[in-house]
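A.B. asks: Structure file model_2.cif (mmCIF, C-alpha atoms) is given on the next line.
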```cif
data_data
loop_
_atom_site.label_atom_id
_atom_site.label_comp_id
_atom_site.auth_asym_id
_atom_site.auth_seq_id
_atom_site.Cartn_x
_atom_site.Cartn_y
_atom_site.Cartn_z
CA MET A 247 -29.05 82.56 29.20
CA LYS A 248 -28.11 82.37 25.53
CA SER A 249 -28.52 78.61 25.59
CA GLY A 250 -32.08 78.96 26.96
CA LEU A 251 -33.00 81.51 24.28
CA TYR A 252 -31.49 79.26 21.62
CA TYR A 253 -33.57 76.23 22.62
CA LYS A 254 -36.70 78.38 22.97
CA ALA A 255 -36.20 79.84 19.48
CA LYS A 256 -35.48 76.36 18.10
CA LYS A 257 -38.69 75.02 19.64
CA ILE A 258 -40.72 77.88 18.15
CA ILE A 259 -39.24 77.30 14.70
CA VAL A 260 -39.84 73.53 14.86
CA ASN A 261 -43.46 74.01 16.02
CA THR A 262 -44.04 76.59 13.28
CA LEU A 263 -42.71 74.23 10.60
CA ILE A 264 -44.86 71.38 11.94
CA HIS A 265 -47.98 73.55 11.88
CA ILE A 266 -47.20 74.75 8.35
CA PHE A 267 -46.82 71.13 7.22
CA LEU A 268 -50.09 70.08 8.91
CA LEU A 269 -51.96 73.06 7.45
CA THR A 270 -50.63 72.19 3.99
CA VAL A 271 -51.78 68.57 4.31
CA SER A 272 -55.18 69.73 5.61
CA ALA A 273 -55.56 72.12 2.69
CA THR A 274 -54.84 69.35 0.16
CA CYS A 275 -57.55 67.22 1.83
CA ILE A 276 -60.16 69.97 2.07
CA PHE A 277 -59.62 71.50 -1.38
CA PRO A 278 -61.30 68.66 -3.35
CA LEU A 279 -64.39 69.00 -1.15
CA LEU A 280 -64.50 72.77 -1.66
CA TRP A 281 -64.04 72.32 -5.41
CA MET A 282 -66.87 69.75 -5.45
CA VAL A 283 -69.28 72.10 -3.67
CA SER A 284 -68.19 75.02 -5.85
CA SER A 285 -68.68 73.01 -9.06
CA SER A 286 -72.13 71.91 -7.92
CA LEU A 287 -73.22 75.57 -7.99
CA LYS A 288 -72.04 76.26 -11.55
CA THR A 289 -73.48 75.53 -14.98
CA GLN A 290 -72.26 73.03 -17.56
CA GLU A 291 -70.69 75.92 -19.52
CA THR A 292 -69.00 77.74 -16.65
CA ILE A 293 -67.66 74.74 -14.75
CA PHE A 294 -64.60 74.61 -17.05
CA LYS A 295 -64.29 78.36 -17.63
CA ASP A 296 -64.73 79.65 -14.07
CA ILE A 297 -61.89 78.14 -12.01
CA SER A 298 -62.60 80.19 -8.87
CA LEU A 299 -63.91 78.47 -5.75
CA ILE A 300 -66.65 81.08 -5.36
CA PRO A 301 -68.95 81.07 -8.44
CA LYS A 302 -70.11 84.37 -9.86
CA THR A 303 -73.68 83.05 -9.89
CA PHE A 304 -74.98 80.39 -7.53
CA HIS A 305 -77.17 77.74 -9.16
CA PHE A 306 -78.80 76.00 -6.20
CA GLU A 307 -81.34 74.45 -8.56
CA ASN A 308 -78.65 71.90 -9.47
CA TYR A 309 -79.39 70.12 -6.21
CA TYR A 310 -83.09 69.92 -7.01
CA PHE A 311 -82.47 68.61 -10.53
CA ALA A 312 -79.86 66.15 -9.23
CA TRP A 313 -82.33 64.79 -6.68
CA ILE A 314 -85.18 64.48 -9.19
CA GLU A 315 -83.25 63.38 -12.31
CA GLY A 316 -81.04 60.96 -10.42
CA GLY A 317 -83.97 59.42 -8.59
CA PHE A 318 -82.10 59.96 -5.34
CA GLY A 319 -85.16 59.61 -3.12
CA ARG A 320 -85.45 55.80 -3.24
CA ASN A 321 -81.70 55.20 -3.51
CA PHE A 322 -81.01 57.57 -0.62
CA LEU A 323 -83.39 55.65 1.63
CA ASN A 324 -81.84 52.38 0.43
CA SER A 325 -78.35 53.53 1.41
CA ILE A 326 -79.55 54.70 4.82
CA PHE A 327 -81.29 51.35 5.41
CA TYR A 328 -78.27 49.32 4.27
CA THR A 329 -75.85 51.41 6.33
CA VAL A 330 -77.90 51.24 9.53
CA ALA A 331 -78.60 47.50 9.15
CA VAL A 332 -74.97 46.62 8.38
CA VAL A 333 -73.51 48.77 11.15
CA LEU A 334 -75.94 47.36 13.73
CA GLY A 335 -75.15 43.83 12.57
CA ILE A 336 -71.42 44.44 12.76
CA ILE A 337 -71.65 46.00 16.24
CA ILE A 338 -73.65 43.07 17.65
CA ILE A 339 -71.69 40.24 16.01
CA SER A 340 -68.19 41.74 16.33
CA SER A 341 -68.65 42.84 19.95
CA MET A 342 -69.93 39.41 21.00
CA ALA A 343 -67.16 37.64 19.07
CA ALA A 344 -64.47 40.00 20.40
CA TYR A 345 -65.69 39.55 23.97
CA ALA A 346 -65.67 35.76 23.54
CA PHE A 347 -62.14 35.81 22.08
CA SER A 348 -60.96 38.04 24.92
CA ARG A 349 -62.61 36.41 27.95
CA PHE A 350 -63.53 32.80 27.14
CA LYS A 351 -61.24 29.83 26.61
CA PHE A 352 -62.52 27.30 24.09
CA PRO A 353 -60.94 24.84 21.62
CA GLY A 354 -59.67 26.51 18.45
CA ARG A 355 -59.92 30.05 19.83
CA ASN A 356 -56.52 31.17 18.56
CA ILE A 357 -57.00 29.52 15.16
CA LEU A 358 -60.39 31.17 14.67
CA PHE A 359 -59.01 34.57 15.67
CA ILE A 360 -56.08 34.19 13.28
CA MET A 361 -58.52 33.28 10.48
CA PHE A 362 -60.52 36.44 11.15
CA MET A 363 -57.35 38.54 11.11
CA ALA A 364 -56.15 36.85 7.92
CA ALA A 365 -59.39 37.89 6.24
CA MET A 366 -58.29 41.53 6.66
CA MET A 367 -55.59 40.91 4.04
CA ILE A 368 -58.08 39.78 1.38
CA PRO A 369 -59.24 42.74 -0.76
CA ILE A 370 -63.00 43.02 -1.29
CA PRO A 371 -62.79 42.45 -5.10
CA GLY A 372 -60.96 39.18 -4.41
CA ALA A 373 -64.12 37.75 -2.84
CA PHE A 374 -66.57 38.85 -5.55
CA VAL A 375 -66.63 35.53 -7.45
CA PRO A 376 -67.20 33.23 -4.43
CA LEU A 377 -69.75 35.66 -3.00
CA TYR A 378 -71.66 35.72 -6.30
CA ILE A 379 -71.73 31.91 -6.48
CA LEU A 380 -72.69 31.54 -2.82
CA LEU A 381 -75.53 34.09 -3.03
CA ASN A 382 -76.85 32.42 -6.18
CA LYS A 383 -76.97 29.02 -4.50
CA LEU A 384 -78.65 30.45 -1.40
CA GLY A 385 -81.16 32.42 -3.45
CA LEU A 386 -80.00 35.69 -1.91
CA ARG A 387 -78.69 37.47 -5.00
CA ASN A 388 -80.69 40.56 -5.96
CA THR A 389 -82.02 40.79 -2.39
CA ALA A 390 -81.41 43.37 0.32
CA LEU A 391 -80.60 40.59 2.82
CA GLY A 392 -77.85 39.19 0.58
CA TYR A 393 -76.21 42.59 0.22
CA ILE A 394 -76.44 43.31 3.97
CA LEU A 395 -74.90 39.95 4.89
CA CYS A 396 -72.02 40.52 2.44
CA MET A 397 -71.29 43.97 3.84
CA ILE A 398 -71.42 42.69 7.43
CA ASN A 399 -68.83 40.10 6.43
CA VAL A 400 -66.62 42.84 4.97
CA GLY A 401 -66.41 44.79 8.24
CA LEU A 402 -66.20 41.99 10.80
CA SER A 403 -62.44 41.34 10.88
CA THR A 404 -61.32 44.89 11.58
CA SER A 405 -64.13 45.46 14.08
CA ILE A 406 -63.32 42.28 16.01
CA PHE A 407 -59.63 43.24 16.15
CA LEU A 408 -60.37 46.72 17.54
CA LEU A 409 -62.89 45.51 20.11
CA LYS A 410 -60.87 42.50 21.28
CA THR A 411 -57.84 44.68 21.92
CA PHE A 412 -60.01 46.98 24.03
CA PHE A 413 -61.65 44.10 25.95
CA ASP A 414 -58.22 42.61 26.69
CA LYS A 415 -57.36 45.76 28.66
CA MET A 416 -60.73 46.04 30.41
CA PRO A 417 -60.45 45.44 34.20
CA LYS A 418 -61.81 42.01 35.14
CA GLU A 419 -62.89 43.35 38.53
CA LEU A 420 -65.84 45.08 36.86
CA GLU A 421 -67.04 41.77 35.45
CA ASP A 422 -66.57 40.07 38.83
CA ALA A 423 -68.71 42.74 40.48
CA ALA A 424 -71.42 42.31 37.85
CA ARG A 425 -71.28 38.53 38.26
CA ILE A 426 -71.77 38.89 42.04
CA ASP A 427 -74.84 41.03 41.32
CA GLY A 428 -76.29 38.14 39.33
CA CYS A 429 -75.37 39.12 35.76
CA SER A 430 -75.05 36.33 33.21
CA LYS A 431 -72.34 36.27 30.55
CA ILE A 432 -74.72 37.96 28.11
CA GLY A 433 -75.65 40.46 30.81
CA ILE A 434 -72.01 41.33 31.45
CA TRP A 435 -71.47 41.81 27.72
CA ARG A 436 -74.54 44.03 27.46
CA HIS A 437 -74.33 46.06 30.69
CA VAL A 438 -70.55 46.23 31.26
CA ALA A 439 -68.52 45.56 28.11
CA LEU A 440 -70.62 47.51 25.60
CA PRO A 441 -71.04 50.73 27.66
CA LEU A 442 -67.31 50.84 28.43
CA SER A 443 -66.38 50.32 24.77
CA LYS A 444 -68.29 53.35 23.44
CA PRO A 445 -65.14 55.11 22.11
CA VAL A 446 -64.09 52.01 20.15
CA LEU A 447 -67.66 51.42 18.99
CA ALA A 448 -67.68 54.96 17.62
CA VAL A 449 -64.63 54.12 15.50
CA VAL A 450 -66.30 50.90 14.33
CA VAL A 451 -69.47 52.83 13.41
CA VAL A 452 -67.66 55.52 11.43
CA LEU A 453 -65.32 53.13 9.57
CA ASN A 454 -68.05 50.69 8.57
CA ALA A 455 -70.62 53.37 7.77
CA LEU A 456 -68.07 54.91 5.40
CA ILE A 457 -67.42 51.55 3.72
CA VAL A 458 -71.11 50.70 3.28
CA TRP A 459 -72.12 54.18 2.17
CA ASN A 460 -69.41 54.31 -0.51
CA GLU A 461 -69.76 50.73 -1.80
CA TYR A 462 -70.48 50.63 -5.53
CA VAL A 463 -69.04 47.59 -7.35
CA LEU A 464 -70.48 44.94 -5.00
CA ALA A 465 -73.93 46.50 -5.35
CA LEU A 466 -73.71 46.23 -9.15
CA ILE A 467 -72.77 42.55 -8.84
CA ILE A 468 -75.50 41.59 -6.37
CA PHE A 469 -78.41 43.72 -7.58
CA ASP A 470 -80.24 43.52 -10.90
CA SER A 471 -83.26 45.54 -9.79
CA LYS A 472 -82.80 49.31 -9.88
CA PRO A 473 -85.15 50.00 -6.93
CA LEU A 474 -82.74 48.04 -4.68
CA MET A 475 -79.63 49.95 -5.73
CA PRO A 476 -77.81 52.19 -3.18
CA LEU A 477 -77.16 55.87 -3.68
CA GLN A 478 -73.70 55.50 -5.24
CA VAL A 479 -75.14 53.69 -8.25
CA ALA A 480 -77.62 56.52 -8.84
CA LEU A 481 -74.70 58.88 -9.48
CA MET A 482 -74.03 57.09 -12.78
CA THR A 483 -77.25 58.64 -14.10
CA PHE A 484 -75.35 61.85 -14.80
CA GLN A 485 -72.57 60.14 -16.76
CA GLY A 486 -73.69 59.48 -20.32
CA GLU A 487 -71.86 57.87 -23.20
CA PHE A 488 -70.89 61.20 -24.74
CA VAL A 489 -71.81 63.88 -22.20
CA THR A 490 -71.35 64.02 -18.42
CA LYS A 491 -73.52 66.48 -16.52
CA TYR A 492 -70.79 67.66 -14.18
CA PRO A 493 -72.75 70.24 -12.13
CA LEU A 494 -75.48 67.69 -11.38
CA LEU A 495 -72.84 65.03 -10.70
CA MET A 496 -71.05 67.33 -8.25
CA ALA A 497 -74.38 68.18 -6.60
CA GLY A 498 -75.11 64.48 -6.28
CA LEU A 499 -71.67 63.83 -4.79
CA THR A 500 -72.22 66.62 -2.27
CA ILE A 501 -75.54 65.08 -1.26
CA THR A 502 -73.94 61.65 -0.82
CA ALA A 503 -71.01 63.03 1.19
CA LEU A 504 -73.15 65.06 3.59
CA PRO A 505 -74.53 62.21 5.77
CA ILE A 506 -71.09 60.71 6.41
CA ILE A 507 -69.68 64.14 7.28
CA ILE A 508 -72.54 64.66 9.76
CA VAL A 509 -71.94 61.23 11.34
CA TYR A 510 -68.23 61.98 11.69
CA ILE A 511 -68.87 65.40 13.25
CA LEU A 512 -71.30 63.92 15.78
CA MET A 513 -68.88 61.18 16.81
CA GLN A 514 -65.51 62.89 16.38
CA LYS A 515 -64.94 63.28 20.13
CA TYR A 516 -64.78 59.49 20.40
CA ILE A 517 -62.58 58.86 17.36
CA VAL A 518 -59.09 59.64 18.69
CA LYS A 519 -59.85 58.11 22.08
CA GLY A 520 -61.31 55.03 20.47
CA VAL A 521 -58.41 54.46 18.09
CA THR A 522 -55.95 54.86 20.98
CA GLN A 523 -57.80 52.45 23.25
CA GLY A 524 -58.79 49.92 20.64
CA ALA A 525 -55.84 49.79 18.28
CA VAL A 526 -52.82 50.05 20.58
CA VAL A 527 -51.96 46.94 22.47
CA GLY A 528 -51.04 47.73 26.06
#
```
Hey, can you dump this file as structure tokens for me?
C.D. replies:
Amino acid sequence: MKSGLYYKAKKIIVNTLIHIFLLTVSATCIFPLLWMVSSSLKTQETIFKDISLIPKTFHFENYYFAWIEGGFGRNFLNSIFYTVAVVLGIIIISSMAAYAFSRFKFPGRNILFIMFMAAMMIPIPGAFVPLYILLNKLGLRNTALGYILCMINVGLSTSIFLLKTFFDKMPKELEDAARIDGCSKIGIWRHVALPLSKPVLAVVVVLNALIVWNEYVLALIIFDSKPLMPLQVALMTFQGEFVTKYPLLMAGLTITALPIIIVYILMQKYIVKGVTQGAVVG
């Protein structure tokens, strides 16, 4: 009896400590976001004096001025266009490549797959110089197409790895049934593989959308024309040589963070399932 009470009390204490730890970690992650939103509702004078998360006076006009002064309208649409185009490109190319690596046998398959996986170890800044030279020679620098192709290249390796691991565990009987019904290889990929891989595709969408939406340095290298710049570059409008307009900058950061948060909320039910199915080799 005492032994049972001891283990029950021990379990309660351990669970309590785990929850306290997780709540602490969550608070450290959420606090910067709360501080950003709070600062976006303050003035330039009070942002350093008022350290509370709830401002005494709410200045919602900061969002209007940030949108107008930062020229967010065009840049916001640019970022949405780049993100949608890159994510769609990555989904199509990586899913077809992953399905081919998983189901087809062809010369050099293992070498090609290893090359794709090796590319994951190369940091994005390490490819800036060759990308710049290549885009110049192809006449794609300072073009939306050049930027989209570069960003698709950035997300391919990880996406192929996640999808191939999922396709490796997909029952072949489903493909055999589709083949009996007259489906071609492309038809099986489209009507069987893609629908079944929705959880992993959700992970691919969120990860790559986050990368494209937050990309800044590559955009500065590729683009010379301001109308082509993504939203992240527009944030630099509020940072001057001597003065930084922090309330407008925080309002701009809140605007830029909102779409990604919405995408994550809409697809969060697939995230854990997708990571489990696509990243753990069975």
A.B. asks: May I have the residues within 6 Å of Asn388 (chain A) as a list in words, using only C-alpha atoms and disregarding those fewer than 2 positions away in the same chain?
C.D. replies: Ile468, Phe469 and Asp470 of chain A
A.B. asks: Identify all residues satisfying the PyMOL selection byres ((chain A and resi 452) around 12) in the given file; provide them as JSON, numbers by chain.
C.D. replies: {"A": [329, 330, 332, 333, 334, 336, 337, 401, 405, 445, 446, 447, 448, 449, 450, 451, 453, 454, 455, 456, 457, 458, 459, 505, 506, 507, 508, 509, 510, 511, 512, 513, 514, 515, 516, 517, 518, 520, 521]}
A.B. asks: Specify as a list of chain:residue names each residue included when the PyMOL selection byres ((chain A and resi 346) around 12) is applied to this file.
C.D. replies: A:Ile339, A:Ser340, A:Ser341, A:Met342, A:Ala343, A:Ala344, A:Tyr345, A:Phe347, A:Ser348, A:Arg349, A:Phe350, A:Lys351, A:Phe352, A:Arg355, A:Asn356, A:Leu358, A:Phe359, A:Ile406, A:Leu409, A:Lys410, A:Thr411, A:Phe413, A:Asp414, A:Lys431, A:Ile432, A:Ile434, A:Trp435, A:Ala439
A.B. asks: Can you turn the PyMOL selection byres ((chain A and resi 464) around 10) into a concrete residue list for this file, as number ranges by chain?
C.D. replies: A: 370-371, 373-374, 377-378, 393, 396-397, 461-463, 465-469
A.B. asks: Which residue gives the smallest distance to Gly433 (chain A) among A:Ile266, A:Lys254, A:Ile501, A:Glu421, with all atoms listed in the file counted?
C.D. replies: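 Answer, going by the shortest atom-to-atom distance: A:Glu421.
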A.B. asks: Please compute the CA of Arg436 (chain A)-CA of Gly354 (chain A) distance, one decimal, in Å.
C.D. replies: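 Value for the CA of Arg436 (chain A)-CA of Gly354 (chain A) distance: 24.7 Å.
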A.B. asks: Residues within 8 Å of region 304-306 of chain A, please, as an MDAnalysis selection string. Count only C-alpha atoms; anything in the same chain fewer than 4 positions from it doesn't count.
C.D. replies: chainID A and resid 286:289 310
A.B. asks: Next, dump the selected residues to file, keeping only C-alpha atoms, as a PDB file, in the frame of the given file.
C.D. replies:
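So result_14.pdb came out as:
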```
ATOM      1  CA  SER A 286     -72.130  71.910  -7.920  1.00  0.00           C
ATOM      2  CA  LEU A 287     -73.220  75.570  -7.990  1.00  0.00           C
ATOM      3  CA  LYS A 288     -72.040  76.260 -11.550  1.00  0.00           C
ATOM      4  CA  THR A 289     -73.480  75.530 -14.980  1.00  0.00           C
ATOM      5  CA  TYR A 310     -83.090  69.920  -7.010  1.00  0.00           C
TER       6      TYR A 310
END
```
A.B. asks: Between CA of Cys429 (chain A) and CA of Thr404 (chain A), measure the distance and give it in Å to one decimal.
C.D. replies: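 Taking CA of Cys429 (chain A) and CA of Thr404 (chain A), their separation equals 28.6 Å.
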A.B. asks: Within 10 Å of region 471-482 of chain A, which residues of region 318-436 of chain A show up? Give each one with its shortest atom-to-atom distance in Å (one decimal) and the two atoms involved, counting all atoms listed in the file, rows by chain then rising residue number, as JSON lines.
C.D. replies:
```
{"residue": "A:Phe318", "atom": "CA", "partner": "A:Leu477", "partner_atom": "CA", "distance": 6.6}
{"residue": "A:Gly319", "atom": "CA", "partner": "A:Leu477", "partner_atom": "CA", "distance": 8.8}
{"residue": "A:Arg320", "atom": "CA", "partner": "A:Pro473", "partner_atom": "CA", "distance": 6.9}
{"residue": "A:Asn321", "atom": "CA", "partner": "A:Leu477", "partner_atom": "CA", "distance": 4.6}
{"residue": "A:Phe322", "atom": "CA", "partner": "A:Leu477", "partner_atom": "CA", "distance": 5.2}
{"residue": "A:Leu323", "atom": "CA", "partner": "A:Pro476", "partner_atom": "CA", "distance": 8.1}
{"residue": "A:Asn324", "atom": "CA", "partner": "A:Pro476", "partner_atom": "CA", "distance": 5.4}
{"residue": "A:Ser325", "atom": "CA", "partner": "A:Pro476", "partner_atom": "CA", "distance": 4.8}
{"residue": "A:Ile326", "atom": "CA", "partner": "A:Pro476", "partner_atom": "CA", "distance": 8.6}
{"residue": "A:Phe327", "atom": "CA", "partner": "A:Pro476", "partner_atom": "CA", "distance": 9.3}
{"residue": "A:Tyr328", "atom": "CA", "partner": "A:Pro476", "partner_atom": "CA", "distance": 8.0}
{"residue": "A:Thr329", "atom": "CA", "partner": "A:Pro476", "partner_atom": "CA", "distance": 9.7}
{"residue": "A:Asn388", "atom": "CA", "partner": "A:Ser471", "partner_atom": "CA", "distance": 6.8}
{"residue": "A:Thr389", "atom": "CA", "partner": "A:Leu474", "partner_atom": "CA", "distance": 7.6}
{"residue": "A:Ala390", "atom": "CA", "partner": "A:Leu474", "partner_atom": "CA", "distance": 7.0}
{"residue": "A:Tyr393", "atom": "CA", "partner": "A:Leu474", "partner_atom": "CA", "distance": 9.8}
```
A.B. asks: Interatomic distance between CA of Leu495 (chain A) and CA of Ala312 (chain A)?
C.D. replies: 7.3 Å
A.B. asks: Which is closer to Ser285 (chain A) than all the others in A:Met416, A:Ala497, A:Leu395, A:Val375, using all atoms listed in the file?
C.D. replies: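 The closest residue to Ser285 (chain A) is A:Ala497.
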